[in-house]
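Below is one structure, written out as structure tokens; comments come after it.
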4 protein chains.
Amino acid sequence: MWLYAASSLEFNVVVETPFLMMLRPRSGTQQWVSREQYVMSPNASPVEFTDPFGNLCQRLVAPPGRFSVRTSVDIEVADAYDVAPGAPFVEVQNLPDETLPFLLPSRFCEADRFTQLSASLVGGCNPGYDQCMAIVDYIKRTVIYTPGQGQEIISACEVNGRNQGVCRDMAHLGIACCRALSIPARLVVGYLDQLEPMDLHAWFEAYVGGRWYTFDPTQNNPNGGRVAIAYGRDAADVAVYTQFGEPVELLSLDVTVERRSAPPS
Amino acid sequence: MWLYAASSLEFNVVVETPFLMMLRPRSGTQQWVSREQYVMSPNASPVEFTDPFGNLCQRLVAPPGRFSVRTSVDIEVADAYDVAPGAPFVEVQNLPDETLPFLLPSRFCEADRFTQLSASLVGGCNPGYDQCMAIVDYIKRTVIYTPGQGQEIISACEVNGRNQGVCRDMAHLGIACCRALSIPARLVVGYLDQLEPMDLHAWFEAYVGGRWYTFDPTQNNPNGGRVAIAYGRDAADVAVYTQFGEPVELLSLDVTVERRSAPPS
Amino acid sequence: MWLYAASSLEFNVVVETPFLMMLRPRSGTQQWVSREQYVMSPNASPVEFTDPFGNLCQRLVAPPGRFSVRTSVDIEVADAYDVAPGAPFVEVQNLPDETLPFLLPSRFCEADRFTQLSASLVGGCNPGYDQCMAIVDYIKRTVIYTPGQGQEIISACEVNGRNQGVCRDMAHLGIACCRALSIPARLVVGYLDQLEPMDLHAWFEAYVGGRWYTFDPTQNNPNGGRVAIAYGRDAADVAVYTQFGEPVELLSLDVTVERRSAPPS
Amino acid sequence: MWLYAASSLEFNVVVETPFLMMLRPRSGTQQWVSREQYVMSPNASPVEFTDPFGNLCQRLVAPPGRFSVRTSVDIEVADAYDVAPGAPFVEVQNLPDETLPFLLPSRFCEADRFTQLSASLVGGCNPGYDQCMAIVDYIKRTVIYTPGQGQEIISACEVNGRNQGVCRDMAHLGIACCRALSIPARLVVGYLDQLEPMDLHAWFEAYVGGRWYTFDPTQNNPNGGRVAIAYGRDAADVAVYTQFGEPVELLSLDVTVERRSAPPS
């Protein structure tokens, strides 16, 4: 399907402030960027670079006053994400090199502390995809999805002790549990068509059966309409924006996702 | 300055044909991509990757029949390119690692065969930028710029034996001569505002004084309005399109570059 | 100076166990590897890859029984590490791209929670190197170096609440404080000549004045004789070994560092 | 099998001369470096970097006088290289990204000029491995292997017009023909056990059936005992040494390869 997706951020900047931004989706697996736009007001002469995870990042210094960033994309994505019950576990020695960083504990996914929990959740499952599903089921059972309540980023251990969380929290918990089983797992930040309420979204991917598969503990169906903006080990790697120096006030963050019947021409 | 730049290619495809394309400028030194579009007709489900030189490439299989690719970009670029008479030669041992591949002979720039010629051209010059200028002067003196005559790609050795050439030929000769002096040099393919007749363009960059500088033997002024689409060792690395299998007919290639008074909004 | 440095690890393996190892120093800034050896017993057909931080890693499956890894290196390193009081802070917008991942909070360096502490420590310092020194002074004043007590990896927040720590803990605290000031900082795991008691060591580097500088809160002098084995954001990235599956018993870890009067021949 | 392989180069240097060297094999597919040594006399404080093809390169400035470089390696390699008659051609659109640079024409492999010859050689073959074998047969039939006669590097077009060549020439011809069929092909420089007369060797690899396969037009059997030192598009990428400035005299190049019954300990 074709989607139009857009983000609009507005800040109140007091002194010149350096920012790192990550709001520019790239073409990749099951997504093709046909049109893409990135506008700052006032224009802030950004510089782009690619981070170690392949994400396109922008660096800029925001001038004092109102500062806005608006990005949009016309993109072709899959109607549904692939599911693969029974897809087998990949032995660590057979994993592609580039998946290995996603096996290690990270800032918000303390995988080493989930060994027991993970083992208890997947008893009787075939190693691999089915284990990931058992983990997702556990998250759905125990964490109530409460979008919009996630100002502070909490870690998988903290999420596990609460009974509610935002998309990012639920994904962090899933990632930590997968890694505890030696299954590479990574966070995806992006857009999701039909999300209610509309916002930026986060889910996770796990590497089983020889490829990355999508898992989203906040949704009941393998609904596509997903635009990956950035991949990382957890939210520490993929903040949509990071600012340095004196705190800057975010006045608004508006997200739009619309289906389009045809590609732009 | 803000530019709108666009390419439109139309092919007559007889059988399903794989293509590699390189028509998507990225933000980089002195260029910021604000809006960018890439449309195929019919849509051919391309896949993107980044080549070893950092260029964004598209892979696709064109279906039989008329097949067109149209790309466009709104981009901020410099009004003029930097010149730096006297910028010093960088000793090989002090060159950044990433410049070293651009010291070696390559397909169309047989640097090893230009040792004597280069030495004769730069007698009395300060090593570095001034040597590059002496090389450019030699090219301007001896090769008449004849745009539109360059169907077949010829090498620097072949260019040097003729008295005319296209932009790419003149750049290849400049690159080979620079490398013969142990100055890293690379080819740039891109857009140039006000080019007559309008077409895709090629020039070269040499690494002196601690950075890459632009040299364009086809032009008399350091005119900016340049959009780099791709960088490489020579034209073998940066073909705008490469097709595999049975030859496909290129019906048309149209290029547009226009100045804009303001960024897109 | 020339050093001979060696590590010997012995494990008791119950079932076939996949390992990730990071015990192979590479030539780099101020270190040149002249001779290097890596022996497993029994031989386990390892495969090497380079992680996102440039570290050389080995993957292998250890067979049941006693399994040992012995590595050694003859290497030329600096006699002392560079110090640079007054080296200036680099504005975020001017940092090299590759330093940016080292600005973000990571697993064991929760930089975002050190904003107030860091600010209080560096009052009156010139931004840059002198701030890093003030942080190191704070660590030396408040954390007693207790080598050999660091089985469990704790985070900078946890270190800060205790009054003792191992080299890694003290480095984590330094890294978190530097990042809180927008100074990139990274962990180094390696060898240190004359370390008492001899063991693998950890310190940190901060990026000020246009390059990485070494800081070691466990030492009173800028003593060289350092071999960097691996770089990372924190200990999560640079475990000397990571094993997957059933826990494996480490029977012994022996480290040797000796000065040599001449390179091997 | 375990091999000991060593190279010794001696130069007569008149003025300080920068060198690029490529003499340090890395662990990789079917080769594990257990011990490795690199000694210069006098010591020249080299700096290492990794080129775009993953080769480990050394940069150094050789002082005036006799200058020698001696490298050696203890390495485990395969007894024979894999052969796979019938392994299928991989459609261009399905090739891994990293193979694509090896489809393009390069300095010494003018693939675009071999379309007709290649087509004529492979008539009736199954696309893929069998085509590569037909190309190798053609090379064996038409080019007499004359080791030791290859001072000047010539291109595939030039090789094809002669009736003799060195290993590198024969590999270049094979590479150009493979690429003309849209089969990725790359040059390998390395050691070969039992080579007569002993010297550095070159062969090529082609990507068919989902992986790289070895082809060596100079040999009659798929004999292993091969150590890959460097990979590249052709000899322009993988010179064992490149020197800059005034020509330096190579006084001697000695190569040793010996089988060992066991790994070093």
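Labels for the structure tokens follow display order: chains A, B, ..., residues from 1 in each chain, ligands from 1.
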Quick one: contact table of chain B to chain D, 8 Å max, nearest atom pair and distance in Å to one decimal per residue, counting only C-alpha atoms, chain and number order, as JSON lines?
{"residue": "B:Pro18", "atom": "CA", "partner": "D:Gln93", "partner_atom": "CA", "distance": 6.2}
{"residue": "B:Phe49", "atom": "CA", "partner": "D:Asp97", "partner_atom": "CA", "distance": 6.6}
{"residue": "B:Asp51", "atom": "CA", "partner": "D:Pro101", "partner_atom": "CA", "distance": 7.6}
{"residue": "B:Pro52", "atom": "CA", "partner": "D:Pro52", "partner_atom": "CA", "distance": 6.3}
{"residue": "B:Arg59", "atom": "CA", "partner": "D:Gln93", "partner_atom": "CA", "distance": 6.6}
{"residue": "B:Leu60", "atom": "CA", "partner": "D:Gln93", "partner_atom": "CA", "distance": 6.6}
{"residue": "B:Val61", "atom": "CA", "partner": "D:Gln93", "partner_atom": "CA", "distance": 6.9}
{"residue": "B:Val92", "atom": "CA", "partner": "D:Pro18", "partner_atom": "CA", "distance": 6.3}
{"residue": "B:Gln93", "atom": "CA", "partner": "D:Pro18", "partner_atom": "CA", "distance": 6.2}
{"residue": "B:Asp97", "atom": "CA", "partner": "D:Phe49", "partner_atom": "CA", "distance": 6.6}
{"residue": "B:Glu98", "atom": "CA", "partner": "D:Asp51", "partner_atom": "CA", "distance": 7.8}
{"residue": "B:Pro101", "atom": "CA", "partner": "D:Asp51", "partner_atom": "CA", "distance": 7.6}
{"residue": "B:Leu104", "atom": "CA", "partner": "D:Ala236", "partner_atom": "CA", "distance": 6.7}
{"residue": "B:Pro105", "atom": "CA", "partner": "D:Ala236", "partner_atom": "CA", "distance": 6.2}
{"residue": "B:Ser106", "atom": "CA", "partner": "D:Arg107", "partner_atom": "CA", "distance": 4.7}
{"residue": "B:Arg107", "atom": "CA", "partner": "D:Arg107", "partner_atom": "CA", "distance": 3.3}
{"residue": "B:Phe108", "atom": "CA", "partner": "D:Arg107", "partner_atom": "CA", "distance": 6.8}
{"residue": "B:Glu110", "atom": "CA", "partner": "D:Arg107", "partner_atom": "CA", "distance": 7.8}
{"residue": "B:Leu181", "atom": "CA", "partner": "D:Gly245", "partner_atom": "CA", "distance": 7.8}
{"residue": "B:Ser182", "atom": "CA", "partner": "D:Phe244", "partner_atom": "CA", "distance": 6.6}
{"residue": "B:Ala236", "atom": "CA", "partner": "D:Pro105", "partner_atom": "CA", "distance": 6.2}
{"residue": "B:Asp237", "atom": "CA", "partner": "D:Leu104", "partner_atom": "CA", "distance": 7.4}
{"residue": "B:Phe244", "atom": "CA", "partner": "D:Ser182", "partner_atom": "CA", "distance": 6.7}
{"residue": "B:Gly245", "atom": "CA", "partner": "D:Ser182", "partner_atom": "CA", "distance": 7.5}
Find the residues near Ser45 in chain A: any atom within 10 Å, counting only C-alpha atoms, skip ones fewer than 5 places away on the same chain, and give them as a list of chain:residue names. A:Met40, A:Gln58, A:Arg59, A:Leu60, A:Val61, A:Ala62, B:Gln30, B:Gln31, B:Trp32, B:Glu76
List every residue of range 42-71 of chain D that DSSP, applied to the backbone, labels as strand (DSSP E or B), and write the result as a PDB file with all heavy atoms, in the first residue's frame.
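Result saved to selection.pdb:
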ATOM      1  N   VAL D  47      51.110   2.721  10.136  1.00  0.00           N
ATOM      2  CA  VAL D  47      49.727   2.928  10.573  1.00  0.00           C
ATOM      3  C   VAL D  47      48.854   1.998   9.731  1.00  0.00           C
ATOM      4  O   VAL D  47      49.091   1.858   8.540  1.00  0.00           O
ATOM      5  CB  VAL D  47      49.314   4.395  10.366  1.00  0.00           C
ATOM      6  CG1 VAL D  47      47.830   4.586  10.639  1.00  0.00           C
ATOM      7  CG2 VAL D  47      50.138   5.296  11.262  1.00  0.00           C
ATOM      8  N   GLU D  48      47.890   1.366  10.353  1.00  0.00           N
ATOM      9  CA  GLU D  48      47.037   0.431   9.613  1.00  0.00           C
ATOM     10  C   GLU D  48      45.663   1.000   9.337  1.00  0.00           C
ATOM     11  O   GLU D  48      45.121   1.756  10.131  1.00  0.00           O
ATOM     12  CB  GLU D  48      46.865  -0.875  10.410  1.00  0.00           C
ATOM     13  CG  GLU D  48      47.911  -1.877  10.070  1.00  0.00           C
ATOM     14  CD  GLU D  48      47.597  -3.253  10.610  1.00  0.00           C
ATOM     15  OE1 GLU D  48      46.575  -3.424  11.306  1.00  0.00           O
ATOM     16  OE2 GLU D  48      48.385  -4.156  10.335  1.00  0.00           O
ATOM     17  N   PHE D  49      45.108   0.583   8.219  1.00  0.00           N
ATOM     18  CA  PHE D  49      43.706   0.897   7.967  1.00  0.00           C
ATOM     19  C   PHE D  49      43.092  -0.231   7.141  1.00  0.00           C
ATOM     20  O   PHE D  49      43.799  -1.069   6.591  1.00  0.00           O
ATOM     21  CB  PHE D  49      43.553   2.258   7.280  1.00  0.00           C
ATOM     22  CG  PHE D  49      43.933   2.259   5.831  1.00  0.00           C
ATOM     23  CD1 PHE D  49      42.967   2.214   4.833  1.00  0.00           C
ATOM     24  CD2 PHE D  49      45.267   2.289   5.465  1.00  0.00           C
ATOM     25  CE1 PHE D  49      43.318   2.208   3.494  1.00  0.00           C
ATOM     26  CE2 PHE D  49      45.633   2.284   4.124  1.00  0.00           C
ATOM     27  CZ  PHE D  49      44.662   2.245   3.141  1.00  0.00           C
ATOM     28  N   THR D  50      41.783  -0.214   7.069  1.00  0.00           N
ATOM     29  CA  THR D  50      41.043  -1.217   6.310  1.00  0.00           C
ATOM     30  C   THR D  50      40.486  -0.550   5.061  1.00  0.00           C
ATOM     31  O   THR D  50      39.812   0.472   5.160  1.00  0.00           O
ATOM     32  CB  THR D  50      39.905  -1.783   7.167  1.00  0.00           C
ATOM     33  OG1 THR D  50      40.472  -2.352   8.346  1.00  0.00           O
ATOM     34  CG2 THR D  50      39.141  -2.863   6.434  1.00  0.00           C
ATOM     35  N   LEU D  56      43.390  -5.376   5.083  1.00  0.00           N
ATOM     36  CA  LEU D  56      44.168  -4.655   6.079  1.00  0.00           C
ATOM     37  C   LEU D  56      45.416  -4.098   5.375  1.00  0.00           C
ATOM     38  O   LEU D  56      46.212  -4.839   4.808  1.00  0.00           O
ATOM     39  CB  LEU D  56      44.578  -5.653   7.165  1.00  0.00           C
ATOM     40  CG  LEU D  56      44.731  -5.196   8.603  1.00  0.00           C
ATOM     41  CD1 LEU D  56      43.578  -4.334   9.065  1.00  0.00           C
ATOM     42  CD2 LEU D  56      44.847  -6.422   9.504  1.00  0.00           C
ATOM     43  N   CYS D  57      45.567  -2.778   5.401  1.00  0.00           N
ATOM     44  CA  CYS D  57      46.675  -2.124   4.694  1.00  0.00           C
ATOM     45  C   CYS D  57      47.542  -1.385   5.698  1.00  0.00           C
ATOM     46  O   CYS D  57      47.063  -0.881   6.702  1.00  0.00           O
ATOM     47  CB  CYS D  57      46.143  -1.111   3.683  1.00  0.00           C
ATOM     48  SG  CYS D  57      44.948  -1.803   2.520  1.00  0.00           S
ATOM     49  N   GLN D  58      48.834  -1.308   5.381  1.00  0.00           N
ATOM     50  CA  GLN D  58      49.776  -0.582   6.233  1.00  0.00           C
ATOM     51  C   GLN D  58      50.318   0.608   5.460  1.00  0.00           C
ATOM     52  O   GLN D  58      50.678   0.489   4.304  1.00  0.00           O
ATOM     53  CB  GLN D  58      50.945  -1.488   6.663  1.00  0.00           C
ATOM     54  CG  GLN D  58      50.518  -2.677   7.516  1.00  0.00           C
ATOM     55  CD  GLN D  58      49.908  -3.788   6.687  1.00  0.00           C
ATOM     56  OE1 GLN D  58      50.392  -4.103   5.611  1.00  0.00           O
ATOM     57  NE2 GLN D  58      48.832  -4.380   7.177  1.00  0.00           N
ATOM     58  N   ARG D  59      50.390   1.736   6.148  1.00  0.00           N
ATOM     59  CA  ARG D  59      51.023   2.921   5.576  1.00  0.00           C
ATOM     60  C   ARG D  59      52.279   3.204   6.357  1.00  0.00           C
ATOM     61  O   ARG D  59      52.272   3.174   7.588  1.00  0.00           O
ATOM     62  CB  ARG D  59      50.098   4.123   5.705  1.00  0.00           C
ATOM     63  CG  ARG D  59      48.900   3.979   4.856  1.00  0.00           C
ATOM     64  CD  ARG D  59      48.412   5.338   4.470  1.00  0.00           C
ATOM     65  NE  ARG D  59      47.514   5.857   5.487  1.00  0.00           N
ATOM     66  CZ  ARG D  59      47.099   7.109   5.503  1.00  0.00           C
ATOM     67  NH1 ARG D  59      47.550   7.968   4.601  1.00  0.00           N
ATOM     68  NH2 ARG D  59      46.257   7.521   6.423  1.00  0.00           N
ATOM     69  N   LEU D  60      53.330   3.530   5.667  1.00  0.00           N
ATOM     70  CA  LEU D  60      54.578   3.835   6.356  1.00  0.00           C
ATOM     71  C   LEU D  60      55.443   4.691   5.442  1.00  0.00           C
ATOM     72  O   LEU D  60      55.201   4.797   4.234  1.00  0.00           O
ATOM     73  CB  LEU D  60      55.304   2.537   6.728  1.00  0.00           C
ATOM     74  CG  LEU D  60      55.624   1.570   5.581  1.00  0.00           C
ATOM     75  CD1 LEU D  60      56.990   1.897   4.961  1.00  0.00           C
ATOM     76  CD2 LEU D  60      55.648   0.148   6.129  1.00  0.00           C
ATOM     77  N   VAL D  61      56.415   5.321   6.043  1.00  0.00           N
ATOM     78  CA  VAL D  61      57.416   6.083   5.282  1.00  0.00           C
ATOM     79  C   VAL D  61      58.758   5.376   5.475  1.00  0.00           C
ATOM     80  O   VAL D  61      59.280   5.308   6.588  1.00  0.00           O
ATOM     81  CB  VAL D  61      57.497   7.535   5.775  1.00  0.00           C
ATOM     82  CG1 VAL D  61      58.540   8.311   4.969  1.00  0.00           C
ATOM     83  CG2 VAL D  61      56.133   8.205   5.660  1.00  0.00           C
ATOM     84  N   ALA D  62      59.276   4.817   4.387  1.00  0.00           N
ATOM     85  CA  ALA D  62      60.546   4.092   4.464  1.00  0.00           C
ATOM     86  C   ALA D  62      61.701   5.089   4.474  1.00  0.00           C
ATOM     87  O   ALA D  62      61.740   6.008   3.658  1.00  0.00           O
ATOM     88  CB  ALA D  62      60.677   3.147   3.281  1.00  0.00           C
ATOM     89  N   GLY D  65      68.063   4.095   2.563  1.00  0.00           N
ATOM     90  CA  GLY D  65      68.930   2.951   2.860  1.00  0.00           C
ATOM     91  C   GLY D  65      68.206   1.652   2.576  1.00  0.00           C
ATOM     92  O   GLY D  65      67.160   1.636   1.923  1.00  0.00           O
ATOM     93  N   ARG D  66      68.786   0.556   3.060  1.00  0.00           N
ATOM     94  CA  ARG D  66      68.124  -0.723   2.909  1.00  0.00           C
ATOM     95  C   ARG D  66      66.887  -0.746   3.797  1.00  0.00           C
ATOM     96  O   ARG D  66      66.969  -0.369   4.970  1.00  0.00           O
ATOM     97  CB  ARG D  66      69.068  -1.874   3.340  1.00  0.00           C
ATOM     98  CG  ARG D  66      70.219  -2.098   2.407  1.00  0.00           C
ATOM     99  CD  ARG D  66      69.722  -2.703   1.100  1.00  0.00           C
ATOM    100  NE  ARG D  66      70.796  -2.718   0.114  1.00  0.00           N
ATOM    101  CZ  ARG D  66      71.504  -3.812  -0.191  1.00  0.00           C
ATOM    102  NH1 ARG D  66      71.237  -4.948   0.418  1.00  0.00           N
ATOM    103  NH2 ARG D  66      72.460  -3.750  -1.091  1.00  0.00           N
ATOM    104  N   PHE D  67      65.788  -1.188   3.250  1.00  0.00           N
ATOM    105  CA  PHE D  67      64.556  -1.263   4.017  1.00  0.00           C
ATOM    106  C   PHE D  67      63.891  -2.602   3.713  1.00  0.00           C
ATOM    107  O   PHE D  67      63.668  -2.941   2.553  1.00  0.00           O
ATOM    108  CB  PHE D  67      63.610  -0.115   3.661  1.00  0.00           C
ATOM    109  CG  PHE D  67      62.304  -0.174   4.398  1.00  0.00           C
ATOM    110  CD1 PHE D  67      62.251   0.064   5.761  1.00  0.00           C
ATOM    111  CD2 PHE D  67      61.118  -0.492   3.736  1.00  0.00           C
ATOM    112  CE1 PHE D  67      61.050  -0.011   6.450  1.00  0.00           C
ATOM    113  CE2 PHE D  67      59.910  -0.564   4.416  1.00  0.00           C
ATOM    114  CZ  PHE D  67      59.888  -0.316   5.781  1.00  0.00           C
ATOM    115  N   SER D  68      63.590  -3.357   4.761  1.00  0.00           N
ATOM    116  CA  SER D  68      62.975  -4.655   4.529  1.00  0.00           C
ATOM    117  C   SER D  68      61.678  -4.803   5.318  1.00  0.00           C
ATOM    118  O   SER D  68      61.505  -4.219   6.388  1.00  0.00           O
ATOM    119  CB  SER D  68      63.935  -5.781   4.899  1.00  0.00           C
ATOM    120  OG  SER D  68      64.077  -5.855   6.298  1.00  0.00           O
ATOM    121  N   VAL D  69      60.801  -5.602   4.760  1.00  0.00           N
ATOM    122  CA  VAL D  69      59.541  -5.958   5.406  1.00  0.00           C
ATOM    123  C   VAL D  69      59.436  -7.471   5.371  1.00  0.00           C
ATOM    124  O   VAL D  69      59.566  -8.081   4.304  1.00  0.00           O
ATOM    125  CB  VAL D  69      58.340  -5.337   4.659  1.00  0.00           C
ATOM    126  CG1 VAL D  69      57.033  -5.837   5.245  1.00  0.00           C
ATOM    127  CG2 VAL D  69      58.412  -3.821   4.701  1.00  0.00           C
ATOM    128  N   ARG D  70      59.262  -8.061   6.542  1.00  0.00           N
ATOM    129  CA  ARG D  70      59.087  -9.508   6.606  1.00  0.00           C
ATOM    130  C   ARG D  70      57.787  -9.812   7.329  1.00  0.00           C
ATOM    131  O   ARG D  70      57.563  -9.317   8.435  1.00  0.00           O
ATOM    132  CB  ARG D  70      60.261 -10.168   7.338  1.00  0.00           C
ATOM    133  CG  ARG D  70      61.514 -10.272   6.450  1.00  0.00           C
ATOM    134  CD  ARG D  70      62.720 -10.719   7.253  1.00  0.00           C
ATOM    135  NE  ARG D  70      63.040  -9.734   8.272  1.00  0.00           N
ATOM    136  CZ  ARG D  70      63.182  -9.985   9.567  1.00  0.00           C
ATOM    137  NH1 ARG D  70      63.044 -11.223  10.031  1.00  0.00           N
ATOM    138  NH2 ARG D  70      63.465  -9.015  10.419  1.00  0.00           N
ATOM    139  N   THR D  71      56.940 -10.582   6.675  1.00  0.00           N
ATOM    140  CA  THR D  71      55.674 -10.964   7.294  1.00  0.00           C
ATOM    141  C   THR D  71      55.556 -12.476   7.270  1.00  0.00           C
ATOM    142  O   THR D  71      56.078 -13.143   6.382  1.00  0.00           O
ATOM    143  CB  THR D  71      54.471 -10.376   6.531  1.00  0.00           C
ATOM    144  OG1 THR D  71      54.389 -11.000   5.252  1.00  0.00           O
ATOM    145  CG2 THR D  71      54.603  -8.880   6.356  1.00  0.00           C
TER     146      THR D  71
END
Calculate how many Å separate CA of Val122 in chain C from CA of Gly174 in chain C, rounding to one decimal. 12.6 Å
Determine, counting only C-alpha atoms, which protein, DNA and RNA residues have an atom within 10 Å of an atom of Ala206 in chain D; residues of the same chain fewer than 3 positions away are not included. Present the result as a count of residues only. 20
Selection: 9 Å around range 162-170 of chain C, only C-alpha atoms, excl. self and same-chain fewer than 3 positions, as a PyMOL selection string: chain C and resi 108+136+139-140+142-150+153-156+158-159+173-175+187+189+201-204+216-218+234-235
If you keep C-alpha atoms, can you produce a file of those selected residues as a PDB file, in the first residue's frame?
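So selection.pdb came out as:
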ATOM      1  CA  PHE C 108      25.995   1.257  32.101  1.00  0.00           C
ATOM      2  CA  VAL C 136      38.428  12.357  37.228  1.00  0.00           C
ATOM      3  CA  ILE C 139      36.022   9.993  41.019  1.00  0.00           C
ATOM      4  CA  LYS C 140      39.407   9.679  42.717  1.00  0.00           C
ATOM      5  CA  THR C 142      34.951   9.602  46.190  1.00  0.00           C
ATOM      6  CA  VAL C 143      35.526   6.087  44.859  1.00  0.00           C
ATOM      7  CA  ILE C 144      38.210   3.880  46.363  1.00  0.00           C
ATOM      8  CA  TYR C 145      39.843   1.713  43.724  1.00  0.00           C
ATOM      9  CA  THR C 146      39.417  -1.913  44.804  1.00  0.00           C
ATOM     10  CA  PRO C 147      40.669  -4.123  41.993  1.00  0.00           C
ATOM     11  CA  GLY C 148      39.345  -7.657  41.778  1.00  0.00           C
ATOM     12  CA  GLN C 149      35.971  -6.962  43.364  1.00  0.00           C
ATOM     13  CA  GLY C 150      33.922  -6.443  40.234  1.00  0.00           C
ATOM     14  CA  ILE C 153      28.856  -5.130  36.236  1.00  0.00           C
ATOM     15  CA  ILE C 154      27.168  -2.142  37.804  1.00  0.00           C
ATOM     16  CA  SER C 155      26.131   1.093  36.177  1.00  0.00           C
ATOM     17  CA  ALA C 156      27.428   4.618  36.686  1.00  0.00           C
ATOM     18  CA  GLU C 158      25.150   2.491  41.091  1.00  0.00           C
ATOM     19  CA  VAL C 159      28.859   3.277  41.225  1.00  0.00           C
ATOM     20  CA  LEU C 173      31.222   7.018  36.070  1.00  0.00           C
ATOM     21  CA  GLY C 174      33.660   9.202  34.171  1.00  0.00           C
ATOM     22  CA  ILE C 175      31.985   8.435  30.862  1.00  0.00           C
ATOM     23  CA  LEU C 187      35.304   2.775  27.334  1.00  0.00           C
ATOM     24  CA  VAL C 189      39.404  -2.433  27.626  1.00  0.00           C
ATOM     25  CA  HIS C 201      42.192  -3.192  32.685  1.00  0.00           C
ATOM     26  CA  ALA C 202      39.643  -0.565  31.673  1.00  0.00           C
ATOM     27  CA  TRP C 203      39.853   3.189  31.322  1.00  0.00           C
ATOM     28  CA  PHE C 204      38.106   5.811  29.235  1.00  0.00           C
ATOM     29  CA  ASP C 216      42.358   6.698  33.903  1.00  0.00           C
ATOM     30  CA  PRO C 217      40.832   7.419  37.330  1.00  0.00           C
ATOM     31  CA  THR C 218      42.724   4.483  38.859  1.00  0.00           C
ATOM     32  CA  ASP C 234      30.453   0.773  27.884  1.00  0.00           C
ATOM     33  CA  ALA C 235      31.110  -2.724  29.209  1.00  0.00           C
TER      34      ALA C 235
END
Please provide as a PyMOL selection string all residues within 12 Å of Cys125 in chain D, with the sequence filter that same-chain residues fewer than 4 positions apart are discarded (counting only C-alpha atoms). chain D and resi 85-89+118-121+129-135
Dump C-alpha atoms for the selected residues as a PDB file, in the first residue's frame?
ATOM      1  CA  PRO D  85      29.222 -28.063 -11.180  1.00  0.00           C
ATOM      2  CA  GLY D  86      25.691 -26.989 -11.898  1.00  0.00           C
ATOM      3  CA  ALA D  87      25.594 -24.261  -9.250  1.00  0.00           C
ATOM      4  CA  PRO D  88      23.138 -21.827 -10.773  1.00  0.00           C
ATOM      5  CA  PHE D  89      23.519 -18.289 -12.022  1.00  0.00           C
ATOM      6  CA  SER D 118      31.967 -14.704 -23.362  1.00  0.00           C
ATOM      7  CA  ALA D 119      28.747 -15.546 -25.120  1.00  0.00           C
ATOM      8  CA  SER D 120      30.611 -17.658 -27.657  1.00  0.00           C
ATOM      9  CA  LEU D 121      32.480 -19.575 -24.952  1.00  0.00           C
ATOM     10  CA  TYR D 129      29.234 -22.372 -12.383  1.00  0.00           C
ATOM     11  CA  ASP D 130      29.443 -24.284 -15.648  1.00  0.00           C
ATOM     12  CA  GLN D 131      29.866 -21.049 -17.580  1.00  0.00           C
ATOM     13  CA  CYS D 132      32.775 -20.116 -15.322  1.00  0.00           C
ATOM     14  CA  MET D 133      34.351 -23.495 -16.002  1.00  0.00           C
ATOM     15  CA  ALA D 134      33.978 -23.000 -19.748  1.00  0.00           C
ATOM     16  CA  ILE D 135      35.767 -19.665 -19.370  1.00  0.00           C
TER      17      ILE D 135
END
What gap, in Å, lies between CA of Pro64 in chain C and CA of Leu9 in chain C?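 Rounded to one decimal, the two atoms are 15.3 Å apart.
The residue that comes closest to Leu95 in chain D, out of D:Asn12, D:Val227, D:Val208, D:Ser34 and on the basis of only C-alpha atoms, is D:Val208.
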Would you work out the distance separating CA of Arg259 in chain D from CA of Asp137 in chain D, expressed in Å to one decimal? 29.4 Å
